[in-house]
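The data block below is run16.cif; it holds mmCIF, C-alpha atoms.
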data_protein
#
loop_
_atom_site.label_atom_id
_atom_site.label_comp_id
_atom_site.auth_asym_id
_atom_site.auth_seq_id
_atom_site.Cartn_x
_atom_site.Cartn_y
_atom_site.Cartn_z
CA MET S 1 0.00 0.00 0.00
CA SER S 2 1.45 3.39 -1.02
CA LEU S 3 1.70 6.47 1.20
CA ASP S 4 -1.12 8.24 -0.67
CA SER S 5 -3.39 5.18 -0.32
CA LEU S 6 -2.68 5.02 3.40
CA LEU S 7 -3.45 8.73 3.82
CA ASP S 8 -6.70 8.31 1.86
CA PHE S 9 -7.68 5.41 4.12
CA PHE S 10 -7.18 7.37 7.34
CA ARG S 11 -8.71 10.53 5.83
CA THR S 12 -11.90 8.59 5.04
CA GLY S 13 -12.09 7.43 8.65
CA ILE S 14 -11.64 10.94 9.97
CA GLU S 15 -14.27 12.38 7.65
CA SER S 16 -16.83 9.77 8.69
CA ARG S 17 -16.02 10.37 12.34
CA THR S 18 -16.17 14.16 12.21
CA SER S 19 -19.09 14.59 9.82
CA ASP S 20 -21.40 15.33 12.75
CA ASP S 21 -19.14 18.12 13.98
CA PRO S 22 -17.99 20.28 11.04
CA ALA S 23 -16.28 22.80 13.32
CA ASN S 24 -13.75 20.30 14.61
CA GLY S 25 -13.34 18.38 11.35
CA SER S 26 -10.70 20.57 9.72
CA GLU S 27 -8.71 20.88 12.94
CA GLU S 28 -8.59 17.09 13.48
CA ALA S 29 -7.72 16.47 9.85
CA SER S 30 -4.87 18.97 10.04
CA TYR S 31 -3.57 17.37 13.25
CA PHE S 32 -3.79 13.91 11.72
CA GLU S 33 -1.87 14.97 8.60
CA ARG S 34 0.88 16.51 10.70
CA PHE S 35 1.14 13.41 12.85
CA MET S 36 1.18 10.96 9.94
CA GLY S 37 3.62 13.15 8.05
CA SER S 38 6.08 12.81 10.91
CA VAL S 39 5.56 9.06 11.47
CA LEU S 40 5.17 7.58 8.02
CA PRO S 41 8.62 8.38 6.63
CA GLU S 42 10.22 6.47 9.47
CA CYS S 43 7.82 3.55 9.02
CA LEU S 44 8.49 3.41 5.30
CA GLU S 45 12.25 3.55 5.90
CA VAL S 46 12.04 0.58 8.31
CA ARG S 47 9.90 -1.27 5.80
CA CYS S 48 12.50 -0.74 3.09
CA GLN S 49 15.24 -1.98 5.39
CA VAL S 50 13.27 -5.15 6.16
CA GLN S 51 12.60 -5.74 2.47
CA ASP S 52 16.28 -5.17 1.64
CA SER S 53 17.30 -7.74 4.27
CA ASP S 54 14.99 -10.30 2.61
CA CYS S 55 16.35 -9.68 -0.87
CA ARG S 56 18.77 -12.04 -2.58
CA THR S 57 20.62 -12.13 -5.88
CA ASP S 58 20.00 -14.80 -8.49
CA ASN S 59 22.55 -16.44 -10.80
CA PHE S 60 22.28 -13.57 -13.29
CA GLY S 61 22.91 -10.80 -10.72
CA ALA S 62 19.30 -9.65 -10.54
CA VAL S 63 18.00 -8.64 -7.12
CA LEU S 64 14.95 -10.64 -6.04
CA ARG S 65 12.55 -9.43 -3.35
CA PRO S 66 9.84 -11.63 -1.73
CA LEU S 67 6.32 -10.48 -2.45
CA SER S 68 4.35 -8.83 0.32
CA ARG S 69 1.06 -10.29 1.47
CA TYR S 70 -0.85 -7.63 -0.48
CA GLU S 71 1.16 -8.32 -3.64
CA VAL S 72 0.60 -12.07 -3.33
CA SER S 73 -3.17 -11.60 -3.02
CA ALA S 74 -3.21 -9.21 -5.98
CA ALA S 75 -1.18 -11.62 -8.12
CA ILE S 76 -3.46 -14.54 -7.28
CA ASN S 77 -6.55 -12.52 -8.13
CA TYR S 78 -5.03 -11.39 -11.42
CA ALA S 79 -3.85 -14.89 -12.38
CA SER S 80 -7.24 -16.36 -11.52
CA THR S 81 -9.18 -13.72 -13.44
CA PHE S 82 -7.05 -12.75 -16.44
CA GLY S 83 -4.23 -15.27 -16.53
CA ALA S 84 -6.12 -18.01 -18.34
CA ALA S 85 -6.13 -16.10 -21.63
CA ALA S 86 -2.44 -15.14 -21.49
CA LEU S 87 -0.82 -18.24 -19.96
CA PRO S 88 -0.99 -21.95 -20.82
CA LEU S 89 -3.00 -23.94 -18.30
CA PRO S 90 -0.06 -25.91 -16.72
CA ILE S 91 2.00 -22.74 -16.20
CA GLN S 92 -0.99 -20.93 -14.73
CA ALA S 93 -1.65 -23.79 -12.32
CA THR S 94 2.01 -23.86 -11.22
CA ILE S 95 2.09 -20.10 -10.59
CA LEU S 96 -1.14 -20.20 -8.62
CA ARG S 97 0.04 -23.14 -6.53
CA LYS S 98 3.33 -21.47 -5.62
CA LEU S 99 1.62 -18.18 -4.81
CA GLN S 100 -1.07 -19.82 -2.70
CA LEU S 101 1.56 -21.67 -0.65
CA ARG S 102 2.70 -18.28 0.64
CA ARG S 103 -0.75 -17.34 1.89
CA PRO S 104 -1.69 -17.88 5.55
CA PRO S 105 -3.64 -21.11 6.28
CA GLN S 106 -7.35 -20.92 5.57
CA SER S 107 -10.13 -22.40 7.66
CA ASP S 108 -10.87 -25.05 5.05
CA ILE S 109 -7.31 -26.35 5.42
CA PHE S 110 -7.80 -26.87 9.14
CA ASN S 111 -11.16 -28.52 8.49
CA SER S 112 -9.50 -30.90 6.04
CA LEU S 113 -6.78 -31.76 8.57
CA LYS S 114 -9.34 -32.40 11.29
CA SER S 115 -11.30 -34.70 8.98
CA ILE S 116 -8.32 -37.04 8.55
CA ARG S 117 -9.00 -40.31 10.37
CA THR S 118 -6.35 -41.45 12.80
CA THR S 119 -4.49 -44.69 12.26
CA PRO S 120 -5.76 -47.59 14.44
CA TYR S 121 -3.40 -48.26 17.31
CA GLU S 122 -2.80 -51.86 16.24
CA THR S 123 -1.26 -50.70 12.94
CA SER S 124 0.30 -47.42 14.11
CA PHE S 125 3.92 -46.47 14.66
CA LEU S 126 3.22 -46.20 18.40
CA SER S 127 2.16 -49.84 18.58
CA ARG S 128 5.39 -50.86 16.90
CA SER S 129 7.32 -48.85 19.49
CA CYS S 130 5.38 -49.83 22.62
CA GLY S 131 3.68 -53.12 21.88
CA HIS S 132 1.54 -55.43 19.76
CA ARG S 133 4.54 -56.27 17.57
CA PRO S 134 7.41 -58.69 18.30
CA SER S 135 10.78 -57.02 18.76
CA SER S 136 14.10 -58.46 17.65
CA THR S 137 15.82 -56.89 20.68
CA ASP S 138 13.61 -58.64 23.28
CA SER S 139 13.20 -62.38 22.82
CA GLY S 140 9.57 -63.53 22.96
CA LEU S 141 8.16 -60.03 23.41
CA VAL S 142 4.42 -59.85 22.70
CA ALA S 143 3.42 -56.38 23.95
CA VAL S 144 4.44 -53.53 26.24
CA ASP S 145 2.04 -51.54 28.45
CA TRP S 146 3.20 -48.20 29.89
CA GLU S 147 -0.23 -46.99 31.04
CA THR S 148 -1.62 -49.55 33.50
CA ARG S 149 -1.40 -48.69 37.21
CA SER S 150 -2.23 -51.60 39.50
CA PRO S 151 -3.16 -51.47 43.22
CA TRP S 152 0.31 -52.88 44.02
CA MET S 153 2.02 -50.11 42.05
CA GLU S 154 -0.07 -47.45 43.80
CA LEU S 155 0.76 -48.98 47.20
CA MET S 156 4.49 -48.92 46.49
CA ALA S 157 4.25 -45.29 45.36
CA ASP S 158 2.44 -44.37 48.60
CA ILE S 159 5.11 -46.11 50.68
CA ARG S 160 7.93 -44.27 48.91
CA GLU S 161 6.11 -40.95 49.26
CA HIS S 162 5.46 -41.53 52.99
CA TYR S 163 9.10 -42.44 53.57
CA SER S 164 10.28 -39.32 51.73
CA TYR S 165 8.16 -37.15 54.03
CA ALA S 166 9.43 -38.94 57.13
CA HIS S 167 13.09 -38.87 56.07
CA PRO S 168 13.54 -35.88 53.73
CA ALA S 169 17.30 -35.70 54.31
CA SER S 170 18.17 -39.34 53.62
CA PHE S 171 15.63 -40.18 50.94
CA GLU S 172 16.55 -39.72 47.30
CA SER S 173 13.81 -40.56 44.84
CA CYS S 174 15.29 -42.45 41.90
CA GLU S 175 12.20 -44.34 40.71
CA VAL S 176 12.37 -45.20 37.03
CA PRO S 177 9.05 -45.95 35.28
CA ILE S 178 8.80 -49.62 34.30
CA PRO S 179 6.22 -50.97 31.83
CA ILE S 180 4.33 -54.23 32.04
CA ARG S 181 5.82 -56.55 29.40
CA TYR S 182 3.94 -59.48 27.92
CA VAL S 183 6.34 -62.18 26.77
CA SER S 184 6.44 -65.87 25.91
CA LEU S 185 7.28 -68.43 28.58
CA GLN S 186 11.01 -68.92 29.18
CA ALA S 187 12.97 -71.23 31.46
CA SER S 188 13.83 -68.34 33.78
CA HIS S 189 10.10 -67.82 34.48
CA LEU S 190 9.30 -71.36 35.59
CA GLN S 191 9.93 -71.03 39.32
CA GLN S 192 7.71 -67.95 39.68
CA VAL S 193 5.10 -69.41 37.34
CA HIS S 194 4.85 -72.62 39.39
CA GLU S 195 4.56 -70.62 42.62
CA LEU S 196 1.82 -68.42 41.19
CA LEU S 197 -0.18 -71.38 39.85
CA ALA S 198 0.15 -73.18 43.19
CA ARG S 199 -1.29 -70.16 45.04
CA VAL S 200 -4.15 -69.62 42.60
CA PHE S 201 -5.02 -73.27 41.78
CA TRP S 202 -3.35 -76.20 43.58
CA ASP S 203 0.05 -77.68 44.34
CA GLY S 204 2.02 -79.84 41.94
CA ILE S 205 1.39 -77.96 38.69
CA ASN S 206 4.35 -78.26 36.32
CA VAL S 207 4.42 -76.54 32.94
CA SER S 208 8.10 -77.05 32.09
CA ASP S 209 7.26 -78.99 28.93
CA LEU S 210 5.76 -75.83 27.35
CA VAL S 211 9.23 -74.26 27.15
CA GLN S 212 10.15 -76.84 24.50
CA SER S 213 6.82 -76.92 22.64
CA SER S 214 5.98 -73.66 20.84
CA PRO S 215 5.93 -71.27 23.83
CA GLU S 216 5.54 -68.33 21.43
CA ARG S 217 2.02 -69.63 20.58
CA CYS S 218 1.05 -71.37 23.80
CA SER S 219 1.96 -68.84 26.48
CA VAL S 220 1.69 -65.20 27.49
CA ILE S 221 3.54 -64.19 30.66
CA ALA S 222 2.98 -60.74 32.20
CA MET S 223 6.17 -59.31 33.71
CA TYR S 224 6.75 -56.22 35.87
CA GLY S 225 10.49 -55.88 35.92
CA LYS S 226 11.63 -59.39 36.85
CA ILE S 227 8.39 -60.29 38.67
CA VAL S 228 5.85 -62.62 37.04
CA ILE S 229 2.46 -61.01 37.64
CA GLY S 230 0.30 -63.07 35.30
CA VAL S 231 0.20 -66.36 33.39
CA ALA S 232 -1.94 -67.51 30.46
CA LEU S 233 -1.19 -70.95 28.97
CA LEU S 234 -2.48 -73.25 26.25
CA SER S 235 -1.99 -77.00 26.31
CA SER S 236 -0.66 -77.02 22.72
CA PRO S 237 -1.15 -75.17 19.41
CA GLN S 238 -2.96 -78.19 17.97
CA GLU S 239 -5.48 -78.58 20.81
CA ALA S 240 -5.83 -74.86 21.68
CA TYR S 241 -7.12 -75.60 25.18
CA ILE S 242 -6.54 -72.94 27.86
CA THR S 243 -5.11 -74.76 30.86
CA TYR S 244 -4.34 -71.86 33.22
CA LEU S 245 -5.10 -68.15 33.47
CA ALA S 246 -3.89 -66.53 36.70
CA VAL S 247 -2.90 -63.09 38.03
CA ARG S 248 -0.78 -62.30 41.08
CA ALA S 249 -2.54 -60.74 44.08
CA GLY S 250 -2.34 -56.95 43.98
CA TRP S 251 -2.55 -56.91 40.20
CA ASP S 252 -6.19 -57.84 39.83
CA ASN S 253 -8.66 -55.33 38.33
CA SER S 254 -5.82 -53.95 36.21
CA GLN S 255 -6.76 -55.54 32.85
CA VAL S 256 -3.75 -57.88 33.07
CA ALA S 257 -5.87 -61.02 32.62
CA THR S 258 -7.81 -59.36 29.79
CA THR S 259 -4.63 -58.40 27.97
CA MET S 260 -3.08 -61.87 28.36
CA LEU S 261 -6.24 -63.58 27.11
CA TYR S 262 -6.46 -61.21 24.14
CA HIS S 263 -2.89 -61.92 23.02
CA LEU S 264 -3.25 -65.65 23.61
CA ILE S 265 -6.28 -65.67 21.31
CA MET S 266 -4.54 -63.54 18.69
CA LEU S 267 -1.50 -65.84 18.69
CA ASN S 268 -3.76 -68.72 17.63
CA PRO S 269 -6.03 -67.43 14.85
CA TYR S 270 -8.52 -69.54 12.90
CA ARG S 271 -8.77 -72.18 15.65
CA ASP S 272 -11.54 -72.82 18.17
CA ILE S 273 -10.29 -72.31 21.73
CA THR S 274 -11.78 -74.27 24.63
CA LEU S 275 -11.43 -74.25 28.42
CA HIS S 276 -13.07 -75.33 31.67
CA VAL S 277 -14.00 -72.83 34.37
CA ALA S 278 -15.50 -73.35 37.82
CA ALA S 279 -19.20 -72.58 37.98
CA ASN S 280 -18.72 -69.81 40.57
CA ASN S 281 -15.54 -68.34 39.08
CA PRO S 282 -15.91 -64.59 38.24
CA ALA S 283 -13.62 -65.21 35.24
CA MET S 284 -16.76 -66.50 33.48
CA LEU S 285 -17.66 -62.84 32.80
CA LEU S 286 -14.27 -62.21 31.22
CA TYR S 287 -14.63 -65.22 28.91
CA ASN S 288 -18.14 -64.14 27.93
CA ARG S 289 -16.84 -60.72 26.87
CA PHE S 290 -14.46 -62.43 24.47
CA GLY S 291 -17.25 -64.50 22.95
CA PHE S 292 -16.83 -67.83 24.75
CA LYS S 293 -20.07 -69.82 24.98
CA ALA S 294 -20.95 -72.62 27.39
CA GLU S 295 -21.21 -76.04 25.74
CA GLU S 296 -21.45 -78.39 28.71
CA PHE S 297 -21.96 -78.40 32.47
CA ILE S 298 -19.82 -81.02 34.24
CA THR S 299 -20.48 -81.98 37.84
CA GLY S 300 -17.51 -82.84 40.07
CA PHE S 301 -14.94 -81.79 37.44
CA TYR S 302 -12.52 -80.40 40.07
CA GLU S 303 -13.03 -83.02 42.80
CA ASP S 304 -9.63 -84.61 42.15
CA TYR S 305 -7.82 -81.25 42.27
CA LEU S 306 -9.46 -79.07 44.92
CA ASP S 307 -9.54 -79.53 48.67
CA SER S 308 -12.93 -80.44 50.06
CA GLN S 309 -12.92 -77.19 52.08
CA SER S 310 -12.23 -75.02 49.03
CA ARG S 311 -14.68 -72.25 48.30
CA ALA S 312 -14.33 -72.86 44.58
CA SER S 313 -17.08 -74.91 43.00
CA MET S 314 -16.28 -78.51 42.13
CA ASN S 315 -18.51 -78.18 39.06
CA ALA S 316 -17.38 -76.62 35.81
CA PHE S 317 -18.58 -75.23 32.53
CA ARG S 318 -16.89 -76.20 29.29
CA LEU S 319 -16.58 -73.05 27.15
CA ARG S 320 -15.69 -72.66 23.48
CA LEU S 321 -14.68 -69.68 21.37
CA ARG S 322 -15.69 -70.48 17.81
CA ARG S 323 -13.50 -68.86 15.11
#
As a first step, turn the structure in this file into structure tokens.
Amino acid sequence: MSLDSLLDFFRTGIESRTSDDPANGSEEASYFERFMGSVLPECLEVRCQVQDSDCRTDNFGAVLRPLSRYEVSAAINYASTFGAAALPLPIQATILRKLQLRRPPQSDIFNSLKSIRTTPYETSFLSRSCGHRPSSTDSGLVAVDWETRSPWMELMADIREHYSYAHPASFESCEVPIPIRYVSLQASHLQQVHELLARVFWDGINVSDLVQSSPERCSVIAMYGKIVIGVALLSSPQEAYITYLAVRAGWDNSQVATTMLYHLIMLNPYRDITLHVAANNPAMLLYNRFGFKAEEFITGFYEDYLDSQSRASMNAFRLRLRR
């Protein structure tokens, strides 16, 4: 915008503002002209300096200056209105595209960006970084969970916080966040797995043979650091029968069992999966959510395994997930 155009713009505003008071109109206009006359030269000089700093020289020695926002808009309007008759269509389209890239983002651009659907987590880059994909750097890795907070984790955090208040001078917090990792059964897990199954079910359970028979398809072990917090096992890939599903105390109601069951099912696609569950076992609700249906009710199924004083029902349902 030139100096004369700028003066005309402000003069129009003054005239519309002072039209009701003719006596003061000429005085205000004269004051405005004196003020703008003293300010505009400095503003225009600064503008020229800024434009000179943005200039560059091309290979032929010609000085090139970036277009201002007003010049870009004027060029786009001209090319859109009159350029079609003077320029070939491909050249016109290229010029318009390059000019429009210099314009500030329009609302329709933001609307288009917001309309883009996000990638499902299972096929996203985040899932490849944090879980749902095996990793070559961690043998038998099935998934990694950084979000779950179990009652045991909250209790440990409360204990550390209480100790820090009681001993502010000697306590140094160096807690490092640890995820829950879901991995295949390995020999190093067996002792903790046997202890967990003995506490949840009964003594004498031994699953050592699974280490040698396709553990990557028959097992999902939930680990917090070096602690086994959950176990989900199949008898074999051919039979696809869930033998044990157990979670360590303090880690219940944390979706650990749900996650293990999900991955165990996904590791064995296109096969029906069966299991037996005690008639009064709350895990029946979990199996129903995954689509397991009762096929048979068996009385006394657990009589040879459970103590007569056990609160668990001796009767069982046989469930099947049809694929």
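Computed from the coordinates, the CA of Leu141 (chain S) to CA of Thr243 (chain S) distance equals 21.2 Å.
Relative to CA of Val211 (chain S), CA of Gln238 (chain S) is found at 15.8 Å.
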**Item:** Ground truth for the PyMOL selection byres ((chain S and resi 218-226) around 10), written as number ranges by chain
**Value:** S: 140-145, 153, 178-186, 188-189, 192-193, 210-211, 213-217, 227-238, 240-248, 256-257, 259-265, 267-268
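The two atoms in question, CA of Arg320 (chain S) and CA of Ala198 (chain S), are spaced 25.3 Å apart.
Across S:Pro120, S:Asn288, S:Tyr302, S:Ala157, the tightest approach to Trp202 (chain S) is made by S:Tyr302 when counting all atoms listed in the file.
With all atoms listed in the file as the basis for measurement, S:Thr148 is the residue among S:Gln212, S:Thr148, S:Gln191, S:Asp307 that approaches Asp252 (chain S) most closely.
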**Asked** Near Phe297 (chain S), within 7 Å and counting all atoms listed in the file, which residues show up once chain neighbours fewer than 2 positions away are dropped, as a PyMOL selection string?
**Response** chain S and resi 299+316-318
**Request:** Taking the file above as input, evaluate the PyMOL selection byres ((chain S and resi 300) around 9) and report the hits as a PyMOL selection string.
**Result:** chain S and resi 298-299+301-304+313-316
**Asked** Looking at S:Tyr305, S:Phe290, S:Trp251, S:Tyr163, which one is nearest to Phe201 (chain S), with distances taken over all atoms listed in the file?
**Response** S:Tyr305
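Residue nearest Pro151 (chain S), chosen from S:Ser308, S:Asn280, S:Ser30, S:Gln255 and counting all atoms listed in the file: S:Gln255.
Nearest residue to Met156 (chain S), choosing from S:Phe60, S:Ser310, S:Val46, S:Gly250 and counting only C-alpha atoms: S:Gly250.
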